[in-house]
>>> print(open('run.cif').read())   # mmCIF, C-alpha atoms
data_final
#
loop_
_atom_site.group_PDB
_atom_site.id
_atom_site.type_symbol
_atom_site.label_atom_id
_atom_site.label_comp_id
_atom_site.auth_asym_id
_atom_site.auth_seq_id
_atom_site.Cartn_x
_atom_site.Cartn_y
_atom_site.Cartn_z
ATOM 1 C CA MET A 1 0.000 0.000 0.000
ATOM 2 C CA THR A 2 1.475 3.335 -1.047
ATOM 3 C CA ILE A 3 2.108 5.862 1.733
ATOM 4 C CA VAL A 4 1.081 9.329 0.534
ATOM 5 C CA ALA A 5 2.468 12.238 2.558
ATOM 6 C CA ALA A 6 3.037 15.949 2.069
ATOM 7 C CA ALA A 7 6.288 17.515 3.280
ATOM 8 C CA ASP A 8 6.733 21.233 3.825
ATOM 9 C CA GLY A 9 8.899 23.836 5.521
ATOM 10 C CA SER A 10 8.374 27.355 6.809
ATOM 11 C CA ALA A 11 10.674 30.194 7.846
ATOM 12 C CA LEU A 12 9.387 33.450 9.302
ATOM 13 C CA GLY A 13 11.664 35.908 7.558
ATOM 14 C CA ASN A 14 13.618 33.301 5.574
ATOM 15 C CA PRO A 15 15.987 33.068 7.323
ATOM 16 C CA GLY A 16 14.236 33.274 10.664
ATOM 17 C CA PRO A 17 12.420 30.966 13.093
ATOM 18 C CA ALA A 18 11.906 27.840 11.004
ATOM 19 C CA GLY A 19 9.672 24.786 11.068
ATOM 20 C CA TRP A 20 9.188 21.584 9.104
ATOM 21 C CA ALA A 21 6.427 18.998 8.915
ATOM 22 C CA TRP A 22 5.257 15.939 7.040
ATOM 23 C CA TYR A 23 1.595 14.985 7.053
ATOM 24 C CA VAL A 24 -0.427 11.893 6.142
ATOM 25 C CA ASP A 25 -3.537 12.569 8.252
ATOM 26 C CA GLU A 26 -4.382 13.912 11.695
ATOM 27 C CA ASN A 27 -3.285 10.637 13.279
ATOM 28 C CA CYS A 28 -0.023 10.479 11.349
ATOM 29 C CA TRP A 29 2.176 13.579 11.151
ATOM 30 C CA GLN A 30 5.303 15.018 12.680
ATOM 31 C CA ALA A 31 6.865 18.474 12.968
ATOM 32 C CA GLY A 32 9.914 20.237 14.382
ATOM 33 C CA GLY A 33 12.193 23.162 13.674
ATOM 34 C CA TRP A 34 14.933 25.531 14.778
ATOM 35 C CA PRO A 35 15.172 29.064 16.174
ATOM 36 C CA HIS A 36 16.794 30.217 12.921
ATOM 37 C CA GLY A 37 16.670 28.597 9.490
ATOM 38 C CA THR A 38 15.369 28.826 5.935
ATOM 39 C CA ASN A 39 12.451 27.433 3.978
ATOM 40 C CA ASN A 40 14.837 25.146 2.117
ATOM 41 C CA GLN A 41 16.217 23.627 5.301
ATOM 42 C CA GLY A 42 12.705 23.090 6.623
ATOM 43 C CA GLU A 43 11.607 21.397 3.383
ATOM 44 C CA LEU A 44 14.679 19.136 3.347
ATOM 45 C CA MET A 45 14.294 18.227 7.026
ATOM 46 C CA ALA A 46 10.634 17.331 6.499
ATOM 47 C CA VAL A 47 11.598 14.918 3.721
ATOM 48 C CA LEU A 48 14.473 13.442 5.747
ATOM 49 C CA ASP A 49 12.295 12.864 8.806
ATOM 50 C CA LEU A 50 9.586 11.276 6.658
ATOM 51 C CA PHE A 51 12.058 8.719 5.306
ATOM 52 C CA ARG A 52 13.331 8.014 8.821
ATOM 53 C CA ALA A 53 9.819 7.788 10.243
ATOM 54 C CA THR A 54 8.901 5.112 7.687
ATOM 55 C CA GLU A 55 12.049 2.995 7.944
ATOM 56 C CA HIS A 56 10.112 0.207 9.644
ATOM 57 C CA VAL A 57 7.759 -0.016 6.635
ATOM 58 C CA ALA A 58 10.468 0.457 4.010
ATOM 59 C CA ALA A 59 8.859 -2.092 1.690
ATOM 60 C CA GLU A 60 5.864 0.203 1.196
ATOM 61 C CA PRO A 61 6.095 2.666 -1.727
ATOM 62 C CA LEU A 62 6.358 6.279 -0.549
ATOM 63 C CA ARG A 63 4.772 9.108 -2.545
ATOM 64 C CA ILE A 64 5.925 12.527 -1.350
ATOM 65 C CA LEU A 65 3.948 15.652 -2.225
ATOM 66 C CA CYS A 66 6.160 18.722 -2.172
ATOM 67 C CA ASP A 67 5.677 22.334 -3.305
ATOM 68 C CA SER A 68 9.430 23.056 -3.472
ATOM 69 C CA GLN A 69 11.010 22.385 -6.851
ATOM 70 C CA TYR A 70 14.374 23.029 -5.214
ATOM 71 C CA VAL A 71 13.947 20.035 -2.891
ATOM 72 C CA ILE A 72 12.618 17.766 -5.639
ATOM 73 C CA ASN A 73 15.439 18.712 -7.997
ATOM 74 C CA CYS A 74 18.066 18.273 -5.282
ATOM 75 C CA ILE A 75 17.019 14.694 -4.605
ATOM 76 C CA THR A 76 15.902 13.491 -8.026
ATOM 77 C CA LYS A 77 18.222 15.377 -10.397
ATOM 78 C CA TRP A 78 21.233 17.089 -8.855
ATOM 79 C CA MET A 79 22.548 14.819 -6.090
ATOM 80 C CA PRO A 80 24.184 12.197 -8.340
ATOM 81 C CA GLY A 81 26.206 14.894 -10.119
ATOM 82 C CA TRP A 82 27.093 16.627 -6.868
ATOM 83 C CA LYS A 83 28.359 13.358 -5.407
ATOM 84 C CA ARG A 84 30.546 12.679 -8.451
ATOM 85 C CA LYS A 85 32.081 16.124 -8.009
ATOM 86 C CA GLY A 86 32.726 15.617 -4.286
ATOM 87 C CA TRP A 87 29.501 17.367 -3.284
ATOM 88 C CA ARG A 88 30.328 20.467 -5.290
ATOM 89 C CA LYS A 89 28.161 22.343 -7.758
ATOM 90 C CA ALA A 90 28.967 22.929 -11.407
ATOM 91 C CA ASP A 91 30.748 26.183 -10.533
ATOM 92 C CA GLY A 92 33.000 24.333 -8.080
ATOM 93 C CA LYS A 93 31.409 25.835 -4.975
ATOM 94 C CA PRO A 94 30.365 23.526 -2.125
ATOM 95 C CA VAL A 95 26.763 22.369 -2.117
ATOM 96 C CA LEU A 96 24.692 24.183 0.471
ATOM 97 C CA ASN A 97 22.698 22.365 3.167
ATOM 98 C CA LEU A 98 25.225 19.560 2.749
ATOM 99 C CA ASP A 99 24.575 17.697 6.023
ATOM 100 C CA LEU A 100 20.862 17.454 5.313
ATOM 101 C CA LEU A 101 21.447 16.314 1.738
ATOM 102 C CA LYS A 102 23.972 13.665 2.770
ATOM 103 C CA ASP A 103 21.540 12.313 5.351
ATOM 104 C CA ILE A 104 18.758 12.195 2.767
ATOM 105 C CA ASP A 105 21.102 10.456 0.326
ATOM 106 C CA ALA A 106 21.714 7.754 2.923
ATOM 107 C CA ALA A 107 18.040 7.506 3.942
ATOM 108 C CA ILE A 108 16.725 6.858 0.428
ATOM 109 C CA VAL A 109 18.980 3.862 -0.257
ATOM 110 C CA GLY A 110 16.799 0.860 -1.080
ATOM 111 C CA ARG A 111 13.570 2.837 -0.787
ATOM 112 C CA ASN A 112 10.755 2.863 -3.330
ATOM 113 C CA TYR A 113 9.736 6.502 -3.543
ATOM 114 C CA THR A 114 8.403 9.134 -5.932
ATOM 115 C CA PHE A 115 8.072 12.894 -5.638
ATOM 116 C CA GLU A 116 5.118 14.873 -6.930
ATOM 117 C CA TRP A 117 5.185 18.642 -7.196
ATOM 118 C CA VAL A 118 2.033 20.376 -5.965
ATOM 119 C CA LYS A 119 1.307 24.065 -6.143
ATOM 120 C CA GLY A 120 1.617 25.613 -2.708
ATOM 121 C CA HIS A 121 -1.225 27.602 -1.125
ATOM 122 C CA ALA A 122 -3.622 26.323 -3.752
ATOM 123 C CA GLY A 123 -6.054 24.387 -1.577
ATOM 124 C CA HIS A 124 -4.396 20.951 -1.735
ATOM 125 C CA ASP A 125 -5.504 19.354 1.537
ATOM 126 C CA LEU A 126 -2.310 17.487 2.437
ATOM 127 C CA ASN A 127 -0.034 20.319 1.366
ATOM 128 C CA GLU A 128 -2.065 22.867 3.292
ATOM 129 C CA ALA A 129 -1.990 20.666 6.397
ATOM 130 C CA ALA A 130 1.793 20.190 6.203
ATOM 131 C CA ASP A 131 2.234 23.925 5.661
ATOM 132 C CA ASP A 132 0.059 24.694 8.696
ATOM 133 C CA LYS A 133 2.047 22.299 10.911
ATOM 134 C CA ALA A 134 5.395 23.666 9.689
ATOM 135 C CA ARG A 135 4.309 27.249 10.238
ATOM 136 C CA ALA A 136 3.005 26.371 13.708
ATOM 137 C CA ALA A 137 6.442 24.991 14.563
ATOM 138 C CA ALA A 138 8.176 28.109 13.228
ATOM 139 C CA THR A 139 5.768 30.321 15.162
ATOM 140 C CA ALA A 140 6.472 28.343 18.333
ATOM 141 C CA TYR A 141 10.215 28.906 17.985
ATOM 142 C CA GLN A 142 9.559 32.574 17.328
ATOM 143 C CA ALA A 143 7.708 32.651 20.663
ATOM 144 C CA LYS A 144 10.542 30.669 22.336
ATOM 145 C CA ARG A 145 8.389 27.665 23.170
ATOM 146 C CA GLN A 146 8.243 24.025 22.151
ATOM 147 C CA PRO A 147 6.387 23.356 18.895
ATOM 148 C CA PRO A 148 3.577 20.819 18.553
ATOM 149 C CA ARG A 149 5.411 17.730 17.296
ATOM 150 C CA GLY A 150 2.572 15.391 16.332
ATOM 151 C CA PRO A 151 1.903 11.693 16.898
ATOM 152 C CA GLY A 152 4.546 10.489 14.415
ATOM 153 C CA PHE A 153 4.138 7.446 12.193
ATOM 154 C CA PRO A 154 2.163 4.486 13.641
ATOM 155 C CA ASN A 155 4.152 1.641 15.146
ATOM 156 C CA THR A 156 7.526 3.357 14.856
ATOM 157 C CA PRO A 157 9.902 1.312 17.062
ATOM 158 C CA ALA A 158 10.501 2.889 20.476
ATOM 159 C CA GLY A 159 13.653 4.984 20.416
ATOM 160 C CA GLY A 160 13.766 4.890 16.618
ATOM 161 C CA ALA A 161 15.191 7.660 14.518
ATOM 162 C CA ALA A 162 11.801 9.149 13.803
ATOM 163 C CA THR A 163 11.122 9.889 17.459
ATOM 164 C CA ALA A 164 14.669 10.608 18.582
ATOM 165 C CA GLU A 165 14.344 14.351 18.128
ATOM 166 C CA ALA A 166 11.591 14.563 20.733
ATOM 167 C CA LYS A 167 13.439 12.184 23.067
ATOM 168 C CA GLU A 168 16.751 14.031 23.180
ATOM 169 C CA PRO A 169 18.036 14.161 26.802
ATOM 170 C CA ALA A 170 17.223 17.327 28.711
ATOM 171 C CA ALA A 171 20.908 18.053 29.247
ATOM 172 C CA ALA A 172 21.463 18.260 25.525
ATOM 173 C CA ALA A 173 18.405 20.430 25.125
ATOM 174 C CA SER A 174 19.857 23.096 27.390
ATOM 175 C CA ALA A 175 23.291 23.145 25.782
ATOM 176 C CA PRO A 176 24.006 26.198 23.616
ATOM 177 C CA VAL A 177 24.344 25.601 19.880
ATOM 178 C CA ALA A 178 26.966 27.651 18.082
ATOM 179 C CA GLY A 179 25.842 29.810 15.187
ATOM 180 C CA ASN A 180 22.190 30.282 16.058
ATOM 181 C CA ALA A 181 19.904 31.761 18.668
ATOM 182 C CA ALA A 182 19.455 28.591 20.694
ATOM 183 C CA ALA A 183 21.456 29.866 23.663
ATOM 184 C CA ALA A 184 18.907 32.644 24.127
ATOM 185 C CA LEU A 185 16.032 30.193 24.507
ATOM 186 C CA PRO A 186 14.944 28.821 27.854
ATOM 187 C CA ALA A 187 16.072 25.212 28.315
ATOM 188 C CA ALA A 188 12.616 23.794 27.637
ATOM 189 C CA ALA A 189 12.438 25.552 24.267
ATOM 190 C CA ALA A 190 15.950 24.883 22.972
ATOM 191 C CA PRO A 191 16.133 22.950 19.692
ATOM 192 C CA PHE A 192 16.685 19.211 19.606
ATOM 193 C CA GLU A 193 18.936 17.383 17.167
ATOM 194 C CA LEU A 194 18.595 13.965 15.612
ATOM 195 C CA PRO A 195 21.399 11.611 16.734
ATOM 196 C CA GLY A 196 24.331 11.752 14.347
ATOM 197 C CA HIS A 197 22.856 14.773 12.571
ATOM 198 C CA GLU A 198 24.330 18.179 13.264
ATOM 199 C CA GLN A 199 22.195 21.250 12.902
ATOM 200 C CA PRO A 200 22.586 22.624 9.372
ATOM 201 C CA ASP A 201 24.612 25.728 8.701
ATOM 202 C CA LEU A 202 21.690 28.061 9.148
ATOM 203 C CA PHE A 203 23.440 31.122 7.741
ATOM 204 C CA SER A 204 24.978 29.664 4.564
ATOM 205 C CA SER A 205 21.954 29.521 2.284
ATOM 206 C CA LEU A 206 21.684 33.057 0.948
ATOM 207 C CA GLU A 207 23.441 32.061 -2.263
ATOM 208 C CA GLU A 208 20.746 29.471 -2.933
ATOM 209 C CA GLU A 209 18.055 31.913 -1.887
ATOM 210 C CA PHE A 210 18.589 33.728 -5.178
ATOM 211 C CA ALA A 211 19.604 30.834 -7.429
ATOM 212 C CA PRO A 212 17.023 30.724 -10.244
ATOM 213 C CA ALA A 213 17.509 26.989 -10.919
ATOM 214 C CA GLY A 214 16.731 26.132 -7.335
ATOM 215 C CA GLY A 215 13.706 28.386 -7.206
ATOM 216 C CA THR A 216 14.442 29.332 -3.622
ATOM 217 C CA ALA A 217 14.160 33.101 -3.995
ATOM 218 C CA VAL A 218 11.033 32.521 -6.066
ATOM 219 C CA ASP A 219 9.480 30.414 -3.304
ATOM 220 C CA ALA A 220 10.429 32.941 -0.630
ATOM 221 C CA VAL A 221 9.103 36.005 -2.435
ATOM 222 C CA VAL A 222 5.833 34.352 -3.471
ATOM 223 C CA ALA A 223 5.277 33.075 0.076
ATOM 224 C CA LEU A 224 5.907 36.517 1.592
ATOM 225 C CA GLU A 225 3.594 38.210 -0.920
ATOM 226 C CA ARG A 226 0.858 35.716 -0.048
ATOM 227 C CA GLU A 227 1.488 36.428 3.624
ATOM 228 C CA LEU A 228 0.956 40.150 3.037
ATOM 229 C CA LEU A 229 -2.429 39.400 1.465
ATOM 230 C CA THR A 230 -3.589 37.472 4.539
ATOM 231 C CA PRO A 231 -6.113 39.445 6.664
ATOM 232 C CA SER A 232 -4.516 38.405 9.982
ATOM 233 C CA VAL A 233 -1.130 39.671 8.793
ATOM 234 C CA ARG A 234 -2.524 42.897 7.361
ATOM 235 C CA ALA A 235 -4.028 43.562 10.786
ATOM 236 C CA ASP A 236 -0.634 43.027 12.450
ATOM 237 C CA VAL A 237 1.287 46.302 12.167
ATOM 238 C CA SER A 238 4.465 44.807 13.620
ATOM 239 C CA ARG A 239 4.571 41.988 11.048
ATOM 240 C CA VAL A 240 3.818 44.268 8.110
ATOM 241 C CA ALA A 241 6.536 46.627 9.320
ATOM 242 C CA VAL A 242 9.023 43.759 9.089
ATOM 243 C CA LEU A 243 7.940 42.858 5.551
ATOM 244 C CA LEU A 244 8.012 46.387 4.139
ATOM 245 C CA HIS A 245 11.336 47.907 3.092
ATOM 246 C CA PRO A 246 12.268 51.130 4.960
ATOM 247 C CA ASP A 247 11.928 52.993 1.635
ATOM 248 C CA PHE A 248 8.719 51.222 0.580
ATOM 249 C CA GLU A 249 6.453 53.038 -1.870
ATOM 250 C CA GLU A 250 3.182 52.061 -3.514
ATOM 251 C CA ILE A 251 1.214 53.581 -6.361
ATOM 252 C CA GLY A 252 -2.441 52.887 -5.683
ATOM 253 C CA ALA A 253 -5.184 52.296 -8.226
ATOM 254 C CA SER A 254 -6.195 55.961 -7.952
ATOM 255 C CA GLY A 255 -2.664 57.115 -8.694
ATOM 256 C CA ARG A 256 -1.945 58.098 -5.110
ATOM 257 C CA MET A 257 1.604 57.523 -3.876
ATOM 258 C CA TRP A 258 1.792 55.724 -0.527
ATOM 259 C CA THR A 259 4.817 55.671 1.759
ATOM 260 C CA ARG A 260 5.639 52.979 4.305
ATOM 261 C CA ASP A 261 4.512 55.191 7.197
ATOM 262 C CA ALA A 262 1.254 56.044 5.468
ATOM 263 C CA VAL A 263 0.497 52.377 4.820
ATOM 264 C CA LEU A 264 1.211 51.388 8.421
ATOM 265 C CA ALA A 265 -0.942 54.233 9.716
ATOM 266 C CA SER A 266 -3.946 53.266 7.587
ATOM 267 C CA MET A 267 -3.877 49.478 7.797
ATOM 268 C CA ASP A 268 -7.271 47.798 7.594
ATOM 269 C CA GLN A 269 -8.138 46.055 10.849
ATOM 270 C CA GLY A 270 -11.082 44.250 9.264
ATOM 271 C CA ALA A 271 -11.308 40.523 8.586
ATOM 272 C CA ALA A 272 -11.940 40.623 4.838
ATOM 273 C CA LYS A 273 -11.188 37.424 2.962
ATOM 274 C CA ALA A 274 -7.736 37.279 1.390
ATOM 275 C CA PRO A 275 -7.767 37.715 -2.396
ATOM 276 C CA SER A 276 -6.654 34.815 -4.551
ATOM 277 C CA MET A 277 -3.239 35.182 -6.153
ATOM 278 C CA ASP A 278 -2.332 33.827 -9.593
ATOM 279 C CA VAL A 279 1.429 34.184 -10.075
ATOM 280 C CA LEU A 280 2.355 35.305 -13.591
ATOM 281 C CA ALA A 281 6.140 35.572 -13.262
ATOM 282 C CA VAL A 282 8.991 36.006 -10.810
ATOM 283 C CA ASP A 283 12.153 37.508 -12.291
ATOM 284 C CA LEU A 284 15.438 37.730 -10.394
ATOM 285 C CA LEU A 285 16.878 41.048 -11.583
ATOM 286 C CA ASP A 286 20.058 40.607 -9.551
ATOM 287 C CA PRO A 287 21.083 38.525 -6.512
ATOM 288 C CA ALA A 288 19.164 40.810 -4.168
ATOM 289 C CA THR A 289 16.202 41.962 -6.295
ATOM 290 C CA ALA A 290 13.120 39.992 -7.353
ATOM 291 C CA LEU A 291 10.189 41.258 -9.432
ATOM 292 C CA LEU A 292 6.907 39.428 -8.849
ATOM 293 C CA THR A 293 3.906 39.945 -11.121
ATOM 294 C CA TYR A 294 0.528 38.362 -10.456
ATOM 295 C CA ARG A 295 -3.231 38.679 -10.819
ATOM 296 C CA SER A 296 -5.314 39.126 -7.672
ATOM 297 C CA THR A 297 -9.018 38.372 -7.461
ATOM 298 C CA ASP A 298 -11.455 39.469 -4.762
ATOM 299 C CA HIS A 299 -15.029 40.752 -4.446
ATOM 300 C CA ARG A 300 -14.058 43.919 -6.333
ATOM 301 C CA GLY A 301 -12.791 42.001 -9.373
ATOM 302 C CA THR A 302 -9.314 41.328 -10.684
ATOM 303 C CA ALA A 303 -6.169 43.444 -10.728
ATOM 304 C CA LEU A 304 -2.720 43.064 -12.235
ATOM 305 C CA ARG A 305 -0.027 43.651 -9.647
ATOM 306 C CA SER A 306 3.732 44.013 -9.542
ATOM 307 C CA SER A 307 5.917 43.865 -6.446
ATOM 308 C CA LEU A 308 9.631 44.602 -6.252
ATOM 309 C CA TRP A 309 11.312 42.710 -3.407
ATOM 310 C CA ARG A 310 14.799 43.513 -2.113
ATOM 311 C CA LEU A 311 17.041 41.337 0.051
ATOM 312 C CA LEU A 312 18.063 43.516 2.997
ATOM 313 C CA GLU A 313 20.276 42.051 5.746
ATOM 314 C CA GLY A 314 19.116 38.517 4.924
ATOM 315 C CA GLN A 315 15.395 39.432 4.829
ATOM 316 C CA TRP A 316 13.314 39.821 1.669
ATOM 317 C CA ARG A 317 11.386 43.075 2.046
ATOM 318 C CA LEU A 318 8.855 44.721 -0.254
ATOM 319 C CA ARG A 319 10.395 47.851 -1.818
ATOM 320 C CA PHE A 320 7.686 48.842 -4.321
ATOM 321 C CA HIS A 321 4.148 47.765 -5.246
ATOM 322 C CA GLN A 322 1.647 48.798 -7.865
ATOM 323 C CA GLY A 323 -1.803 47.443 -8.675
ATOM 324 C CA THR A 324 -3.951 48.156 -11.719
ATOM 325 C CA PRO A 325 -7.612 47.016 -11.837
ATOM 326 C CA GLU A 326 -8.528 45.036 -14.948
ATOM 327 C CA ALA A 327 -11.436 46.254 -17.020
#
>>> encode(input="run.cif", output="structure tokens")
Amino acid sequence: MTIVAAADGSALGNPGPAGWAWYVDENCWQAGGWPHGTNNQGELMAVLDLFRATEHVAAEPLRILCDSQYVINCITKWMPGWKRKGWRKADGKPVLNLDLLKDIDAAIVGRNYTFEWVKGHAGHDLNEAADDKARAAATAYQAKRQPPRGPGFPNTPAGGAATAEAKEPAAAASAPVAGNAAAALPAAAAPFELPGHEQPDLFSSLEEEFAPAGGTAVDAVVALERELLTPSVRADVSRVAVLLHPDFEEIGASGRMWTRDAVLASMDQGAAKAPSMDVLAVDLLDPATALLTYRSTDHRGTALRSSLWRLLEGQWRLRFHQGTPEA
């Protein structure tokens, strides 16, 4: 019987508090995360933990639903070439997220698996559930508390790899981890590590964040734009302030020019339904600039929109936006 599971990652800020999750149903899912990480690391960790969680049923085919083309390409296309080159990319630079990729490479040996790309935030039940669990984990780390970890996979052997993260000894949980914010967390909220698996280099992924082939900047910018359209976020001045560039400007449908301060001062506190978003294109103009164009649809009709995102101190922030209603 084929096991069908969605795997997803989330990072609030990308990089920022990060979570991962895989999801089969409400009785079969698992999540975790770190105080600081990227979407890519969350996506990869979700896939790795899914393989480990199903080791005891390795004979069953595994079908993994994933909305990250970067993750799918890493595992199904690029890894063999990277391994032949000593885990280096075509330009000779070391592969990023190497520890996670090596662990996945070992975990998939002898497994019968397929990946299926699904469009994120498009109403796919399993993908939406995995995304919700991953974001809940990231939000928990942002609040410096333990994330909801889930029931895991049924009949996983006690002490097995799939449950080891949650069973890490308390002494290890309170030990500081170099290179991230773990030392600032209270002991009960410090991140756990899987045995034999070091925490990834959580600050090394910016190069991949704007690599067009990997799609990582594309994923990040689209996700942040969708976040800005969410009513709960638009009602949160502090979150919108983080997402808007200090020099943000917007040309409204009426032709009015809006500044960042003006937008923050006039934010709608209502609970209107978020408009749908149909991405038309995402163009990386340079390593720190992405242009997103899309069509939004709400009760007022449709509009063509363009957003210019800039990478500022490791955070994608919206520099300019313009929307034009369609006739």
>>> closest_residue(input="run.cif", among="A:Ala11, A:Leu96, A:Val218, A:Met257", to="Gln142 of chain A", atoms="all atoms listed in the file")
A:Ala11
>>> resolve_selection(input="run.cif", expression="the PyMOL selection byres ((chain A and resi 63-73) around 7)", output="CSV table (one decimal) with C-alpha atoms, keeping the file's coordinate frame")
chain,number,residue,atom,x,y,z
A,2,THR,CA,1.5,3.3,-1.0
A,3,ILE,CA,2.1,5.9,1.7
A,4,VAL,CA,1.1,9.3,0.5
A,5,ALA,CA,2.5,12.2,2.6
A,6,ALA,CA,3.0,15.9,2.1
A,7,ALA,CA,6.3,17.5,3.3
A,8,ASP,CA,6.7,21.2,3.8
A,43,GLU,CA,11.6,21.4,3.4
A,44,LEU,CA,14.7,19.1,3.3
A,61,PRO,CA,6.1,2.7,-1.7
A,62,LEU,CA,6.4,6.3,-0.5
A,74,CYS,CA,18.1,18.3,-5.3
A,75,ILE,CA,17.0,14.7,-4.6
A,76,THR,CA,15.9,13.5,-8.0
A,77,LYS,CA,18.2,15.4,-10.4
A,78,TRP,CA,21.2,17.1,-8.9
A,113,TYR,CA,9.7,6.5,-3.5
A,114,THR,CA,8.4,9.1,-5.9
A,115,PHE,CA,8.1,12.9,-5.6
A,116,GLU,CA,5.1,14.9,-6.9
A,117,TRP,CA,5.2,18.6,-7.2
A,118,VAL,CA,2.0,20.4,-6.0
A,119,LYS,CA,1.3,24.1,-6.1
A,120,GLY,CA,1.6,25.6,-2.7
A,214,GLY,CA,16.7,26.1,-7.3
A,215,GLY,CA,13.7,28.4,-7.2
A,216,THR,CA,14.4,29.3,-3.6
>>> resolve_selection(input="run.cif", expression="the PyMOL selection byres ((chain A and resi 298-305) around 10)", output="PyMOL selection string")
chain A and resi 253+272-280+292-297+306-307+321-327
>>> atom_distance(input="run.cif", atom1="atom CA of Pro231 of chain A", atom2="atom CA of Leu126 of chain A")
22.7 Å
>>> closest_residue(input="run.cif", among="A:Trp20, A:Pro94, A:Asn14, A:Pro287", to="Ala134 of chain A", atoms="all atoms listed in the file")
A:Trp20
>>> residues_near_point(input="run.cif", point="(7.7, 28.4, 7.2)", cutoff="12 Å", atoms="all atoms listed in the file", output="PyMOL selection string")
chain A and resi 7-21+31-43+46+120+128+130-142+219-220+223-224+227
